[in-house]
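Engineer: The following block contains the structure, expressed as structure tokens.
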Amino acid sequence: MIDKTEIERIKQVIVEKLSSIHTLKRVQKINQLVDEIAGQEERETESLSSEEQVVTPWVVSGKIDHDKVIEKFGCKRIDESLIDRVERLTSRRAHVFLRRGFFYAHRDLDKILDCYESGKKFYLYTGRGPSSESLHLGHLIPFLFTKYLQEAFKVPVVIQITDDEKKIWKKLEKEETKRLGRENVKDIIACGFDASNTFIFSSYATVGGKFYENVVEIADCITVNKANSTFGFTGEVSTAKMIFPSLQAAPSFSSSFPHKLFPDEKKNIPCLIPCAIDQDPYFRLTRDVAPRLDFIKPALIESKFFPALRASGNNGKMSASDANSAIYINDSAADIKKKINSAVTGGRDNLEDQKKYGANLKEDIPFQYLSFFLEDDAELEHIKKEYGEGRMTTGDVKKRLVQVVTEIVERHRMARAAVTDEMVDAFMTPRPLFE
């Protein structure tokens with residue numbers, strides 16, 4: 001985005017160049033256009049930053065106001081009528097992440113439901129950038145939710161392992177990102193995806209053929225100015241970072257995949273992308289490009305951020321860069337208990353004040369985690385009332401959370417142990433997903 005200093009410099013250059021030929025009206029008009037262009041770039045900027053919060057596809061920090069993120073990005077909030085419609089069409093209760101508002105924003109989810117209701121198919125697309133050997137709970141959430149969508153709507157899933165992304169942004173060695181990607185695939189498979197209806201692929205292994213043709217078509221529609229305004233790129237950014245949005249966009253279009261995956265007669269299939277809302281800029285750009293290529297705009301269903309253990313309230317999200325603030329799937333029961341006991345809470349400083357005032361649930365990380373993972377709505381409501389009104393202590397809430405998270409991690413660890421290299425190969429082999 002052009003800053004004010006640069007705007008004034010441009011204006012001054014124009015004045016100096018044209019003042020000698022007495023074209024004052026022209027100078028005024030050009031200055032007006034410069035202001036309009038700068039204003040348009042500011043409106044189009046897809047990152048959200050302020051003194052309090054920063055939200056981009058690569059950085060999430062500060063005290064996050066999820067309503068402001070929706071407003072800035074131009075998404076729509078998921079309302080009760082949409083949730084009710086999902087339940088009616090799938091004949092099952094909505095996932096806890098949906099009915100409790102963790103997945104809270106969307107683009108064209110209503111159109112995907114229209115498509116499904118009319119008897120037409122769609123497919124799901126999500127992904128993972130492999131930067132650690134094990135996933136943490138925050139990484140697990142989009143896969144658990146995508147698995148629910150696959151089961152509920154009985155549709156195919158494609159999952160992109162962006163091993164190239166971590167080479168570009170994290171400067172990891174190529175072979176290491178490929179190794180981490182394969183380890184992460186085991187965690188993804190352990191979530192329980194339908195092996196006959198799921199294709200997992202890595203960028204390094206897949207880019208070529210029709211996929212690369214679509215990457216080029218997409219990239220050719222994105223100007224440098226548009227990429228800069230969307231992602232905040234500067235002149236120091238490598239060209240690899242400039243091209244990566246097109247690589248992440250390509251799986252949104254079914255024609256990117258081998259014919260074995262989607263038959264020729266089904267090459268323009270609607271796509272629904274479950275993701276965290278910080279990924280929205282990628283797909284806003286993708287949706288802008290789609291009509292120019294005669295593709296269907298991908299729809300999105302977007303989540304809030306999963307908070308770090310040591311961040312109060314809505315400050316940032318769980319990150320692999322701080323191992324003590326994240327619970328990993330390979331953590332021991334002792335590690336889980338230790339990390340949860342060190343979490344930021346909204347409980348009062350002493351028992352007397354806790355009984356008198358109750359806990360501040362908005363600032364309490366253990367309670368927020370229970371709202372994500374405790375399936376029993378009645379029990380969660382009970383904890384909310386008792387803890388919020390001071391009849392339950394912080395220690396009680398942490399103890400319950402330790403039980404819930406330990407069960408989830410242990411169940412996942414057992415499922416992952418059963419994943420073989422042959423299973424990984426099978427999930428990553430192109431084969432028909434639509435019969």
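Residue names in the structure tokens use chain letters A, B, ... in the order shown, residue numbers from 1 in each chain, and ligand numbers from 1 in the order shown.
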Please provide the set of residues having any atom within 12 Å of A:Gly347, restricted to only C-alpha atoms, with same-chain residues fewer than 3 positions apart removed, written as a ChimeraX atom specification.
Structural biologist: /A:312,343-344,350-367,387-398
Engineer: How close does each residue of stretch 66-132 of chain A get to stretch 276-293 of chain A, giving the shortest atom pair and distance in Å to one decimal for every residue with an atom at most 9 Å away, counting only C-alpha atoms, sorted by chain and residue number, as CSV?
Structural biologist:
```
residue,atom,partner,partner_atom,distance
A:His66,CA,A:Ile277,CA,8.9
A:Val69,CA,A:Ile277,CA,8.1
A:Ile70,CA,A:Ile277,CA,8.4
A:Phe73,CA,A:Asp280,CA,7.4
A:Cys75,CA,A:Asp280,CA,8.7
A:Phe103,CA,A:Ala276,CA,8.2
A:Ala105,CA,A:Ile277,CA,7.8
```
Engineer: Only all heavy atoms, please: the residues just picked out, written as a PDB file, in the first residue's frame.
Structural biologist:
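The result, written out as part.pdb:
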```pdb
ATOM      1  N   HIS A  66     -12.626 -10.528  16.273  1.00  0.00           N
ATOM      2  CA  HIS A  66     -13.044 -11.309  15.112  1.00  0.00           C
ATOM      3  C   HIS A  66     -14.138 -10.618  14.309  1.00  0.00           C
ATOM      4  O   HIS A  66     -14.255 -10.821  13.093  1.00  0.00           O
ATOM      5  CB  HIS A  66     -13.489 -12.701  15.549  1.00  0.00           C
ATOM      6  CG  HIS A  66     -12.345 -13.604  15.923  1.00  0.00           C
ATOM      7  ND1 HIS A  66     -11.945 -13.802  17.224  1.00  0.00           N
ATOM      8  CD2 HIS A  66     -11.505 -14.338  15.152  1.00  0.00           C
ATOM      9  CE1 HIS A  66     -10.912 -14.629  17.238  1.00  0.00           C
ATOM     10  NE2 HIS A  66     -10.625 -14.975  16.005  1.00  0.00           N
ATOM     11  N   VAL A  69     -12.399  -8.337  11.963  1.00  0.00           N
ATOM     12  CA  VAL A  69     -11.767  -9.084  10.872  1.00  0.00           C
ATOM     13  C   VAL A  69     -12.790  -9.355   9.763  1.00  0.00           C
ATOM     14  O   VAL A  69     -12.510  -9.178   8.582  1.00  0.00           O
ATOM     15  CB  VAL A  69     -11.157 -10.406  11.386  1.00  0.00           C
ATOM     16  CG1 VAL A  69     -10.538 -11.185  10.224  1.00  0.00           C
ATOM     17  CG2 VAL A  69     -10.098 -10.139  12.446  1.00  0.00           C
ATOM     18  N   ILE A  70     -13.996  -9.766  10.157  1.00  0.00           N
ATOM     19  CA  ILE A  70     -15.066  -9.984   9.176  1.00  0.00           C
ATOM     20  C   ILE A  70     -15.342  -8.706   8.398  1.00  0.00           C
ATOM     21  O   ILE A  70     -15.453  -8.700   7.173  1.00  0.00           O
ATOM     22  CB  ILE A  70     -16.365 -10.454   9.873  1.00  0.00           C
ATOM     23  CG1 ILE A  70     -16.277 -11.923  10.245  1.00  0.00           C
ATOM     24  CG2 ILE A  70     -17.573 -10.261   8.964  1.00  0.00           C
ATOM     25  CD1 ILE A  70     -17.558 -12.484  10.833  1.00  0.00           C
ATOM     26  N   PHE A  73     -12.343  -7.850   6.011  1.00  0.00           N
ATOM     27  CA  PHE A  73     -12.174  -8.778   4.895  1.00  0.00           C
ATOM     28  C   PHE A  73     -13.410  -8.859   4.002  1.00  0.00           C
ATOM     29  O   PHE A  73     -13.333  -9.334   2.870  1.00  0.00           O
ATOM     30  CB  PHE A  73     -11.827 -10.174   5.414  1.00  0.00           C
ATOM     31  CG  PHE A  73     -10.404 -10.303   5.900  1.00  0.00           C
ATOM     32  CD1 PHE A  73      -9.994 -11.458   6.559  1.00  0.00           C
ATOM     33  CD2 PHE A  73      -9.468  -9.297   5.715  1.00  0.00           C
ATOM     34  CE1 PHE A  73      -8.689 -11.607   7.009  1.00  0.00           C
ATOM     35  CE2 PHE A  73      -8.172  -9.431   6.159  1.00  0.00           C
ATOM     36  CZ  PHE A  73      -7.777 -10.582   6.810  1.00  0.00           C
ATOM     37  N   CYS A  75     -16.254 -10.631   4.664  1.00  0.00           N
ATOM     38  CA  CYS A  75     -16.950 -11.923   4.733  1.00  0.00           C
ATOM     39  C   CYS A  75     -18.340 -11.717   5.344  1.00  0.00           C
ATOM     40  O   CYS A  75     -18.708 -10.620   5.750  1.00  0.00           O
ATOM     41  CB  CYS A  75     -16.173 -12.910   5.599  1.00  0.00           C
ATOM     42  SG  CYS A  75     -14.410 -12.977   5.262  1.00  0.00           S
ATOM     43  N   PHE A 103     -16.405 -21.849  13.930  1.00  0.00           N
ATOM     44  CA  PHE A 103     -16.472 -21.527  12.499  1.00  0.00           C
ATOM     45  C   PHE A 103     -17.607 -20.534  12.354  1.00  0.00           C
ATOM     46  O   PHE A 103     -18.775 -20.869  12.546  1.00  0.00           O
ATOM     47  CB  PHE A 103     -16.694 -22.792  11.659  1.00  0.00           C
ATOM     48  CG  PHE A 103     -15.414 -23.506  11.342  1.00  0.00           C
ATOM     49  CD1 PHE A 103     -14.849 -24.371  12.266  1.00  0.00           C
ATOM     50  CD2 PHE A 103     -14.749 -23.294  10.137  1.00  0.00           C
ATOM     51  CE1 PHE A 103     -13.644 -25.022  11.999  1.00  0.00           C
ATOM     52  CE2 PHE A 103     -13.543 -23.934   9.859  1.00  0.00           C
ATOM     53  CZ  PHE A 103     -12.994 -24.803  10.797  1.00  0.00           C
ATOM     54  N   ALA A 105     -17.626 -17.485   9.986  1.00  0.00           N
ATOM     55  CA  ALA A 105     -17.722 -16.606   8.820  1.00  0.00           C
ATOM     56  C   ALA A 105     -17.739 -17.442   7.548  1.00  0.00           C
ATOM     57  O   ALA A 105     -17.308 -18.598   7.548  1.00  0.00           O
ATOM     58  CB  ALA A 105     -16.558 -15.616   8.803  1.00  0.00           C
TER      59      ALA A 105
END
```
Engineer: Set the distance at 12 Å and use only C-alpha atoms: which residues neighbour A:Gly119 once local chain neighbours fewer than 5 positions away are removed? I'd like the list as a list in words.
Structural biologist: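 Within the cut-off, the hits are Leu89, Ile112, Leu113, Asp114, Phe153, Lys154 and Val155 of chain A.
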Engineer: Limited to C-alpha atoms, could you put the picked residues into a file as a compact mmCIF listing (two decimals), in the first residue's frame?
Structural biologist:
```txt
# COMPACT_ATOMS: atom_id res chain seq x y z
CA LEU A 89 -29.78 -31.06 4.69
CA ILE A 112 -22.90 -24.52 -1.76
CA LEU A 113 -26.00 -25.57 0.17
CA ASP A 114 -28.15 -24.60 -2.83
CA PHE A 153 -22.32 -34.23 2.92
CA LYS A 154 -20.64 -37.40 1.57
CA VAL A 155 -18.28 -35.45 -0.69
```
Engineer: Measuring atom to atom with only C-alpha atoms, identify which of A:Glu217, A:Asp421, A:Asp349, A:Asp65 is nearest to A:Lys304.
Structural biologist: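 Result for the nearest residue to A:Lys304: A:Asp65.
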Engineer: What's around A:Lys174 at 10 Å? Count only C-alpha atoms, leave out sequence neighbours fewer than 6 positions away in its own chain, and write the answer as a ChimeraX atom specification.
Structural biologist: /A:163-164,166-168,204
Engineer: May I have the residues from that selection written out with all heavy atoms, as a short mmCIF file (atom, residue, chain, number, x, y, z; two decimals), in the first residue's frame?
Structural biologist:
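Output contents, as saved in again_1.cif:
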```
data_model
loop_
_atom_site.label_atom_id
_atom_site.label_comp_id
_atom_site.auth_asym_id
_atom_site.auth_seq_id
_atom_site.Cartn_x
_atom_site.Cartn_y
_atom_site.Cartn_z
N ASP A 163 4.55 -28.00 1.06
CA ASP A 163 5.95 -28.12 1.45
C ASP A 163 6.81 -27.03 0.83
O ASP A 163 7.84 -26.63 1.37
CB ASP A 163 6.51 -29.51 1.13
CG ASP A 163 6.02 -30.08 -0.19
OD1 ASP A 163 5.47 -29.32 -1.02
OD2 ASP A 163 6.19 -31.30 -0.41
N ASP A 164 6.36 -26.52 -0.33
CA ASP A 164 7.08 -25.41 -0.96
C ASP A 164 6.96 -24.12 -0.15
O ASP A 164 7.90 -23.34 -0.04
CB ASP A 164 6.57 -25.19 -2.38
CG ASP A 164 5.05 -25.00 -2.44
OD1 ASP A 164 4.35 -25.40 -1.49
OD2 ASP A 164 4.56 -24.47 -3.45
N LYS A 166 6.88 -23.65 3.07
CA LYS A 166 7.78 -23.57 4.21
C LYS A 166 9.24 -23.41 3.78
O LYS A 166 10.07 -22.92 4.54
CB LYS A 166 7.61 -24.80 5.10
CG LYS A 166 6.21 -24.89 5.71
CD LYS A 166 5.81 -23.59 6.39
CE LYS A 166 4.38 -23.61 6.86
NZ LYS A 166 3.96 -22.31 7.47
N LYS A 167 9.54 -23.81 2.56
CA LYS A 167 10.86 -23.49 2.00
C LYS A 167 10.95 -22.00 1.72
O LYS A 167 11.97 -21.36 2.00
CB LYS A 167 11.08 -24.29 0.70
CG LYS A 167 12.32 -23.87 -0.10
CD LYS A 167 13.59 -24.26 0.65
CE LYS A 167 14.82 -24.09 -0.23
NZ LYS A 167 15.16 -22.66 -0.43
N ILE A 168 9.86 -21.43 1.22
CA ILE A 168 9.85 -20.02 0.82
C ILE A 168 9.82 -19.10 2.03
O ILE A 168 10.60 -18.14 2.13
CB ILE A 168 8.63 -19.73 -0.09
CG1 ILE A 168 8.75 -20.51 -1.41
CG2 ILE A 168 8.52 -18.23 -0.38
CD1 ILE A 168 7.48 -20.51 -2.24
N TYR A 204 5.34 -29.95 -4.11
CA TYR A 204 6.54 -30.36 -4.85
C TYR A 204 6.26 -31.53 -5.79
O TYR A 204 6.78 -31.59 -6.90
CB TYR A 204 7.66 -30.76 -3.87
CG TYR A 204 8.47 -29.60 -3.35
CD1 TYR A 204 8.76 -29.48 -2.00
CD2 TYR A 204 8.99 -28.62 -4.21
CE1 TYR A 204 9.52 -28.43 -1.50
CE2 TYR A 204 9.74 -27.58 -3.73
CZ TYR A 204 10.01 -27.47 -2.37
OH TYR A 204 10.76 -26.43 -1.89
#
```
Engineer: Have a look at A:Val404, A:Ser325, A:Phe231, A:Val158 and name the one nearest to A:Ile243; count only C-alpha atoms.
Structural biologist: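 Closest to A:Ile243, using only C-alpha atoms: A:Phe231.
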Engineer: Among stretch 121-207 of chain A, which ones does DSSP assign to alpha helix (DSSP H) (computed from the backbone)? Answer as a PyMOL selection string.
Structural biologist: chain A and resi 137-153+163-169+174-189+203-206
Engineer: Using C-alpha atoms, can you export the residues from the last selection as an mmCIF file, in the first residue's frame?
Structural biologist:
```cif
data_model
loop_
_atom_site.group_PDB
_atom_site.id
_atom_site.type_symbol
_atom_site.label_atom_id
_atom_site.label_comp_id
_atom_site.auth_asym_id
_atom_site.auth_seq_id
_atom_site.Cartn_x
_atom_site.Cartn_y
_atom_site.Cartn_z
ATOM 1 C CA LEU A 137 -4.394 -28.824 18.643
ATOM 2 C CA GLY A 138 -4.827 -25.650 16.594
ATOM 3 C CA HIS A 139 -3.597 -27.456 13.465
ATOM 4 C CA LEU A 140 -5.981 -30.330 14.134
ATOM 5 C CA ILE A 141 -9.154 -28.223 14.183
ATOM 6 C CA PRO A 142 -9.628 -27.606 10.418
ATOM 7 C CA PHE A 143 -9.020 -31.288 9.693
ATOM 8 C CA LEU A 144 -11.514 -32.465 12.309
ATOM 9 C CA PHE A 145 -14.075 -30.054 10.902
ATOM 10 C CA THR A 146 -13.334 -31.022 7.297
ATOM 11 C CA LYS A 147 -13.765 -34.697 8.213
ATOM 12 C CA TYR A 148 -17.192 -33.832 9.677
ATOM 13 C CA LEU A 149 -18.163 -32.032 6.456
ATOM 14 C CA GLN A 150 -16.985 -34.996 4.377
ATOM 15 C CA GLU A 151 -19.104 -37.399 6.418
ATOM 16 C CA ALA A 152 -22.135 -35.116 6.623
ATOM 17 C CA PHE A 153 -22.324 -34.235 2.923
ATOM 18 C CA ASP A 163 5.954 -28.124 1.453
ATOM 19 C CA ASP A 164 7.080 -25.408 -0.960
ATOM 20 C CA GLU A 165 5.574 -22.696 1.252
ATOM 21 C CA LYS A 166 7.784 -23.571 4.212
ATOM 22 C CA LYS A 167 10.861 -23.493 2.002
ATOM 23 C CA ILE A 168 9.845 -20.017 0.818
ATOM 24 C CA TRP A 169 8.742 -18.457 4.113
ATOM 25 C CA LYS A 174 13.611 -28.667 0.691
ATOM 26 C CA GLU A 175 14.157 -32.267 1.772
ATOM 27 C CA GLU A 176 13.199 -31.397 5.339
ATOM 28 C CA THR A 177 9.889 -29.815 4.304
ATOM 29 C CA LYS A 178 9.119 -32.912 2.249
ATOM 30 C CA ARG A 179 9.891 -35.157 5.224
ATOM 31 C CA LEU A 180 7.796 -33.049 7.603
ATOM 32 C CA GLY A 181 4.979 -33.053 5.063
ATOM 33 C CA ARG A 182 4.878 -36.835 4.994
ATOM 34 C CA GLU A 183 4.854 -36.976 8.813
ATOM 35 C CA ASN A 184 1.993 -34.477 8.882
ATOM 36 C CA VAL A 185 0.045 -36.587 6.389
ATOM 37 C CA LYS A 186 0.042 -39.395 8.978
ATOM 38 C CA ASP A 187 -1.576 -37.052 11.510
ATOM 39 C CA ILE A 188 -4.139 -35.975 8.917
ATOM 40 C CA ILE A 189 -5.043 -39.553 8.001
ATOM 41 C CA SER A 203 3.082 -29.087 -3.939
ATOM 42 C CA TYR A 204 6.541 -30.358 -4.845
ATOM 43 C CA ALA A 205 5.203 -33.680 -6.132
ATOM 44 C CA THR A 206 2.103 -32.381 -7.922
#
```
Engineer: In Å, rounded to a single decimal, give me how far atom CA of A:Val157 is from atom CA of A:Asp194.
Structural biologist: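 Atom CA of A:Val157 lies at a distance of 8.8 Å from atom CA of A:Asp194.
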